[in-house]
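S.K.: Please find data.cif (mmCIF, C-alpha atoms) on the next line:
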data_coords
#
loop_
_atom_site.label_atom_id
_atom_site.label_comp_id
_atom_site.auth_asym_id
_atom_site.auth_seq_id
_atom_site.Cartn_x
_atom_site.Cartn_y
_atom_site.Cartn_z
CA MET A 1 27.43 17.21 -12.27
CA GLN A 2 24.78 15.27 -10.38
CA ARG A 3 24.93 11.53 -10.85
CA TYR A 4 22.29 9.86 -13.04
CA LEU A 5 21.30 7.71 -10.06
CA ASP A 6 20.91 10.74 -7.79
CA VAL A 7 18.57 12.43 -10.26
CA LYS A 8 16.42 9.33 -10.59
CA ILE A 9 16.32 8.76 -6.83
CA ASP A 10 15.23 12.38 -6.30
CA LYS A 11 12.34 11.78 -8.70
CA LEU A 12 11.49 8.58 -6.84
CA LYS A 13 11.44 10.50 -3.56
CA GLY A 14 9.05 13.03 -5.08
CA ARG A 15 6.64 10.36 -6.24
CA LEU A 16 6.76 8.59 -2.90
CA ALA A 17 6.08 11.88 -1.09
CA LYS A 18 3.07 12.50 -3.34
CA MET A 19 1.76 8.99 -2.66
CA ILE A 20 2.18 9.51 1.09
CA GLU A 21 0.18 12.74 0.86
CA LEU A 22 -2.61 11.11 -1.15
CA VAL A 23 -2.93 8.07 1.12
CA SER A 24 -2.87 10.21 4.27
CA ASN A 25 -5.70 12.36 2.90
CA GLN A 26 -7.58 9.29 1.72
CA LEU A 27 -7.48 7.69 5.16
CA GLU A 28 -8.61 10.93 6.79
CA LEU A 29 -11.55 11.20 4.38
CA ALA A 30 -12.50 7.57 5.01
CA PHE A 31 -12.59 8.06 8.77
CA ASN A 32 -14.53 11.31 8.40
CA ALA A 33 -17.12 9.53 6.25
CA TYR A 34 -17.38 6.54 8.55
CA PHE A 35 -17.68 8.32 11.88
CA SER A 36 -19.80 11.24 10.68
CA GLY A 37 -22.06 9.22 8.38
CA ASN A 38 -21.28 11.60 5.51
CA GLU A 39 -21.64 9.31 2.50
CA GLU A 40 -20.75 12.11 0.07
CA LEU A 41 -17.12 11.71 1.12
CA ILE A 42 -17.00 8.12 -0.15
CA ASN A 43 -16.56 9.24 -3.76
CA ASP A 44 -13.59 11.37 -2.72
CA VAL A 45 -11.97 8.34 -1.11
CA VAL A 46 -12.46 6.31 -4.29
CA LYS A 47 -11.03 9.11 -6.47
CA HIS A 48 -7.92 9.17 -4.29
CA GLU A 49 -7.59 5.41 -4.78
CA GLU A 50 -7.36 5.82 -8.55
CA GLN A 51 -4.52 8.34 -8.15
CA VAL A 52 -2.77 6.13 -5.59
CA ASP A 53 -2.84 3.17 -7.98
CA VAL A 54 -1.28 5.28 -10.74
CA LEU A 55 1.52 6.45 -8.45
CA ASP A 56 2.10 2.93 -7.12
CA ASN A 57 2.63 1.70 -10.68
CA LYS A 58 4.96 4.61 -11.48
CA ILE A 59 7.03 3.95 -8.36
CA ASP A 60 7.19 0.25 -9.19
CA ARG A 61 8.45 1.01 -12.72
CA ARG A 62 10.94 3.59 -11.45
CA CYS A 63 12.40 1.17 -8.89
CA HIS A 64 12.78 -1.63 -11.42
CA GLU A 65 14.37 0.82 -13.86
CA LEU A 66 16.88 1.80 -11.21
CA PHE A 67 17.64 -1.84 -10.42
CA ALA A 68 18.28 -2.54 -14.10
CA LEU A 69 20.08 0.62 -15.25
CA GLY A 70 21.34 2.47 -12.19
CA GLN A 71 23.41 -0.32 -10.66
CA PRO A 72 22.69 0.95 -7.13
CA VAL A 73 24.75 -0.27 -4.20
CA ALA A 74 24.76 0.08 -0.41
CA LYS A 75 22.41 2.79 0.93
CA ASP A 76 21.04 3.72 -2.51
CA LEU A 77 20.05 0.12 -3.11
CA ARG A 78 18.41 -0.15 0.30
CA PHE A 79 16.48 3.09 -0.28
CA ILE A 80 15.10 1.79 -3.58
CA ILE A 81 14.11 -1.55 -2.05
CA SER A 82 12.47 0.19 0.92
CA SER A 83 10.64 2.65 -1.35
CA LEU A 84 9.23 -0.20 -3.39
CA LYS A 85 8.00 -1.99 -0.27
CA ILE A 86 6.62 1.17 1.36
CA SER A 87 4.76 2.01 -1.83
CA ASN A 88 3.10 -1.39 -1.55
CA GLU A 89 2.21 -0.77 2.10
CA LEU A 90 0.70 2.60 1.20
CA GLU A 91 -1.33 1.07 -1.61
CA ARG A 92 -2.77 -1.44 0.85
CA ILE A 93 -3.59 1.32 3.32
CA GLY A 94 -5.44 3.00 0.48
CA ASP A 95 -7.40 -0.18 -0.22
CA ILE A 96 -8.39 -0.41 3.44
CA SER A 97 -9.47 3.24 3.38
CA VAL A 98 -11.85 2.51 0.51
CA SER A 99 -13.25 -0.52 2.31
CA ILE A 100 -13.84 1.41 5.54
CA ALA A 101 -15.51 4.26 3.64
CA ASN A 102 -17.79 1.79 1.88
CA GLN A 103 -18.99 0.48 5.26
CA THR A 104 -20.26 3.93 6.27
CA GLU A 105 -23.96 3.27 5.64
CA SER A 106 -24.02 -0.23 7.10
CA VAL A 107 -22.73 0.78 10.55
CA GLN A 108 -24.89 3.82 11.21
CA ASN A 109 -27.36 1.70 13.22
CA VAL A 110 -24.62 0.60 15.62
CA MET A 111 -22.94 3.95 16.28
CA ASP A 112 -23.72 3.61 19.99
CA MET A 113 -21.65 0.44 19.93
CA VAL A 114 -18.91 2.25 18.01
CA LYS A 115 -18.84 4.87 20.77
CA ASP A 116 -18.90 2.33 23.61
CA LEU A 117 -16.03 0.35 22.11
CA LYS A 118 -14.05 3.55 21.40
CA VAL A 119 -13.57 2.51 17.77
CA GLU A 120 -13.05 6.09 16.63
CA GLU A 121 -10.28 6.53 19.18
CA TYR A 122 -8.72 3.25 17.99
CA ALA A 123 -8.94 4.37 14.35
CA TYR A 124 -7.22 7.69 14.91
CA GLU A 125 -4.57 5.99 17.02
CA ALA A 126 -3.86 3.79 13.99
CA ARG A 127 -3.67 6.89 11.79
CA ASP A 128 -1.17 8.50 14.16
CA ILE A 129 0.99 5.37 14.16
CA ILE A 130 1.00 5.39 10.35
CA LEU A 131 2.04 9.05 10.29
CA LYS A 132 4.81 8.38 12.83
CA ALA A 133 6.07 5.44 10.76
CA ILE A 134 6.14 7.54 7.60
CA LYS A 135 7.90 10.37 9.41
CA SER A 136 10.47 7.94 10.79
CA PHE A 137 11.33 6.90 7.23
CA ASN A 138 11.40 10.44 5.86
CA GLU A 139 13.61 11.67 8.70
CA SER A 140 15.68 8.48 9.11
CA ASP A 141 14.44 8.33 12.70
CA ILE A 142 15.45 4.88 13.89
CA ALA A 143 14.35 5.48 17.50
CA THR A 144 10.73 6.13 16.49
CA ALA A 145 10.71 3.16 14.12
CA GLU A 146 12.03 0.88 16.85
CA GLN A 147 9.42 2.17 19.31
CA ILE A 148 6.60 1.40 16.86
CA ILE A 149 7.86 -2.15 16.46
CA LYS A 150 8.40 -2.52 20.21
CA ASN A 151 4.75 -1.61 20.81
CA LYS A 152 3.40 -4.35 18.51
CA ASN A 153 2.16 -6.50 21.41
CA GLU A 154 0.31 -3.51 22.85
CA TYR A 155 -1.39 -2.96 19.49
CA GLN A 156 -2.41 -6.60 19.28
CA GLU A 157 -3.81 -6.53 22.81
CA LYS A 158 -5.87 -3.44 21.92
CA TYR A 159 -7.32 -5.25 18.92
CA ALA A 160 -8.11 -8.38 20.94
CA SER A 161 -9.84 -6.44 23.72
CA THR A 162 -11.91 -4.41 21.24
CA ILE A 163 -13.07 -7.56 19.44
CA LYS A 164 -13.90 -9.18 22.77
CA GLY A 165 -16.00 -6.16 23.70
CA LEU A 166 -17.82 -6.40 20.37
CA GLU A 167 -18.56 -10.09 20.84
CA LEU A 168 -20.01 -9.37 24.28
CA ALA A 169 -22.15 -6.55 22.90
CA MET A 170 -23.44 -8.80 20.10
CA THR A 171 -24.75 -11.32 22.62
CA LYS A 172 -26.94 -8.56 24.05
CA SER A 173 -28.18 -7.13 20.74
CA VAL A 174 -29.19 -10.02 18.49
CA PRO A 175 -31.31 -7.88 16.06
CA ILE A 176 -28.25 -5.90 14.99
CA VAL A 177 -25.87 -8.82 14.51
CA PRO A 178 -25.38 -8.14 10.73
CA GLU A 179 -24.34 -4.54 11.38
CA SER A 180 -22.15 -5.69 14.24
CA MET A 181 -20.37 -8.07 11.90
CA GLU A 182 -19.59 -5.10 9.64
CA LEU A 183 -18.23 -3.26 12.66
CA GLY A 184 -16.05 -6.26 13.42
CA LEU A 185 -14.62 -6.02 9.92
CA THR A 186 -13.81 -2.36 10.50
CA ILE A 187 -11.98 -3.17 13.73
CA LYS A 188 -10.02 -5.86 11.92
CA GLN A 189 -9.08 -3.41 9.19
CA ILE A 190 -7.92 -0.82 11.70
CA SER A 191 -5.65 -3.48 13.15
CA ARG A 192 -4.32 -4.15 9.66
CA LEU A 193 -3.54 -0.46 9.27
CA ILE A 194 -1.27 -0.71 12.29
CA ASP A 195 0.38 -3.79 10.75
CA HIS A 196 1.19 -1.77 7.64
CA ALA A 197 2.59 1.04 9.78
CA THR A 198 4.80 -1.49 11.55
CA ASN A 199 6.01 -2.78 8.18
CA ILE A 200 6.97 0.78 7.20
CA ALA A 201 8.89 1.14 10.47
CA GLU A 202 10.75 -2.07 9.65
CA GLU A 203 11.75 -0.65 6.29
CA THR A 204 13.19 2.41 8.03
CA ILE A 205 15.49 0.18 10.05
CA PHE A 206 16.45 -1.82 6.96
CA PHE A 207 17.21 1.37 5.02
CA MET A 208 19.30 2.95 7.79
CA GLU A 209 21.00 -0.06 9.37
CA SER A 210 20.84 -2.78 6.71
CA LYS A 211 19.03 -4.92 9.27
CA ILE A 212 15.96 -7.01 8.47
CA VAL A 213 13.30 -6.93 11.17
CA LYS A 214 10.15 -9.00 10.92
CA HIS A 215 7.18 -8.89 13.26
CA SER A 216 4.62 -11.64 13.64
CA ARG A 217 0.98 -11.54 14.61
CA ASP A 218 -1.46 -14.07 15.94
CA ASP A 219 -4.88 -13.99 14.26
#
In structure tokens, what does this structure look like?
M.R.:
Amino acid sequence: MQRYLDVKIDKLKGRLAKMIELVSNQLELAFNAYFSGNEELINDVVKHEEQVDVLDNKIDRRCHELFALGQPVAKDLRFIISSLKISNELERIGDISVSIANQTESVQNVMDMVKDLKVEEYAYEARDIILKAIKSFNESDIATAEQIIKNKNEYQEKYASTIKGLELAMTKSVPIVPESMELGLTIKQISRLIDHATNIAEETIFFMESKIVKHSRDD
């Protein structure tokens, strides 16, 4: 007979998988809206957010139930802790997706700047890092998780150089400074997406090796 804890953990895995799917789709929709100027997609991003919030709350309750009633130890305990933290990271990625989607209209006048600064390339790089981090957790792939964390300085340098390019462009285009400021917020949020991916990678290492890894960033 399957243990009570195993049954509950399987249900937790299912909810986390559903949340991963929703947030991944939400981020994709947000980028599609932003870079194509298709404002009709914004509502879809917001609808996903409502579902993500519901799942986040369910995962939170499930984890606390397992802490209280399941008496988990060792790897089971680490999985529950990591799931709780990853759920929080995914919820924040969802929040950023909504924010980026909501900036769609305001940046349409500076799309030449978006192209020059390769913001779309930067955004989809962030998406790919998130997907790799999630996959590393799902597949217990420590090597990929460690590589994501190892590359943190490279990610920070990419953010700094993109912001520097934006500041230079703003000095040459004073009339579009307000829109440029919105673009700067987008770039900042893309950087935050990578931070959340790095946090997920850290949870993979904690889950598999019982080792706490913390990265730092200079703002």
S.K.: Pick out the closest residue to Lys172 of chain A from this set: A:Met113, A:Ala133, A:Val45, A:Cys63. Count only C-alpha atoms.
M.R.: A:Met113
S.K.: Here's the selection I'm unsure about, the PyMOL selection byres ((chain A and resi 204) around 7); applied to the file above, which residues does it give, as a PyMOL selection string?
M.R.: chain A and resi 136-137+140+142+145+200-203+205-208
S.K.: Give me, please, the distance in Å between atom CA of Leu185 of chain A and atom CA of Asn32 of chain A, quoted to one decimal.
M.R.: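 Interatomic distance here is 17.4 Å.
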S.K.: Report as an MDAnalysis selection string the residues that result from applying the PyMOL selection byres ((chain A and resi 8) around 12) to the structure here.
M.R.: chainID A and resid 2:7 9:15 59 61:67 69:72 76 80
S.K.: Taking (0.0, -1.6, 18.4) in the file's own coordinates, collect the residues within 12 Å, counting all atoms listed in the file, and hand them back as JSON, numbers by chain.
M.R.: {"A": [122, 123, 125, 126, 127, 128, 129, 130, 147, 148, 149, 150, 151, 152, 153, 154, 155, 156, 157, 158, 159, 160, 190, 191, 192, 193, 194, 195, 196, 197, 198, 199, 215, 217]}
S.K.: Would you please work out which residue, of A:Val52, A:Leu90, A:Ile81, A:Leu166, is nearest to Asp112 of chain A when using all atoms listed in the file?
M.R.: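 Closest to Asp112 of chain A of all the choices is A:Leu166.
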S.K.: Between atom CA of Ile163 of chain A and atom CA of Glu39 of chain A, what is the distance in Å, rounded to a tenth?
M.R.: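 Taking atom CA of Ile163 of chain A as the start and atom CA of Glu39 of chain A as the end point, the length is 25.4 Å.
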S.K.: Residues near Tyr34 of chain A, anyone? I mean within 9 Å using all atoms listed in the file, not counting same-chain ones fewer than 4 positions away, as number ranges by chain.
M.R.: A: 29-30, 38-39, 42, 100-105, 107-108
S.K.: As a check of understanding, name the residues that the PyMOL selection byres ((chain A and resi 182) around 10) selects in the supplied structure, as a ChimeraX atom specification.
M.R.: /A:100,103-104,106-107,110,177-181,183-188
S.K.: Based on the selection just made, write C-alpha atoms of those residues as an mmCIF file, in the coordinates of the input.
M.R.:
data_model
loop_
_atom_site.group_PDB
_atom_site.id
_atom_site.type_symbol
_atom_site.label_atom_id
_atom_site.label_comp_id
_atom_site.auth_asym_id
_atom_site.auth_seq_id
_atom_site.Cartn_x
_atom_site.Cartn_y
_atom_site.Cartn_z
ATOM 1 C CA ILE A 100 -13.840 1.410 5.540
ATOM 2 C CA GLN A 103 -18.990 0.480 5.260
ATOM 3 C CA THR A 104 -20.260 3.930 6.270
ATOM 4 C CA SER A 106 -24.020 -0.230 7.100
ATOM 5 C CA VAL A 107 -22.730 0.780 10.550
ATOM 6 C CA VAL A 110 -24.620 0.600 15.620
ATOM 7 C CA VAL A 177 -25.870 -8.820 14.510
ATOM 8 C CA PRO A 178 -25.380 -8.140 10.730
ATOM 9 C CA GLU A 179 -24.340 -4.540 11.380
ATOM 10 C CA SER A 180 -22.150 -5.690 14.240
ATOM 11 C CA MET A 181 -20.370 -8.070 11.900
ATOM 12 C CA LEU A 183 -18.230 -3.260 12.660
ATOM 13 C CA GLY A 184 -16.050 -6.260 13.420
ATOM 14 C CA LEU A 185 -14.620 -6.020 9.920
ATOM 15 C CA THR A 186 -13.810 -2.360 10.500
ATOM 16 C CA ILE A 187 -11.980 -3.170 13.730
ATOM 17 C CA LYS A 188 -10.020 -5.860 11.920
#
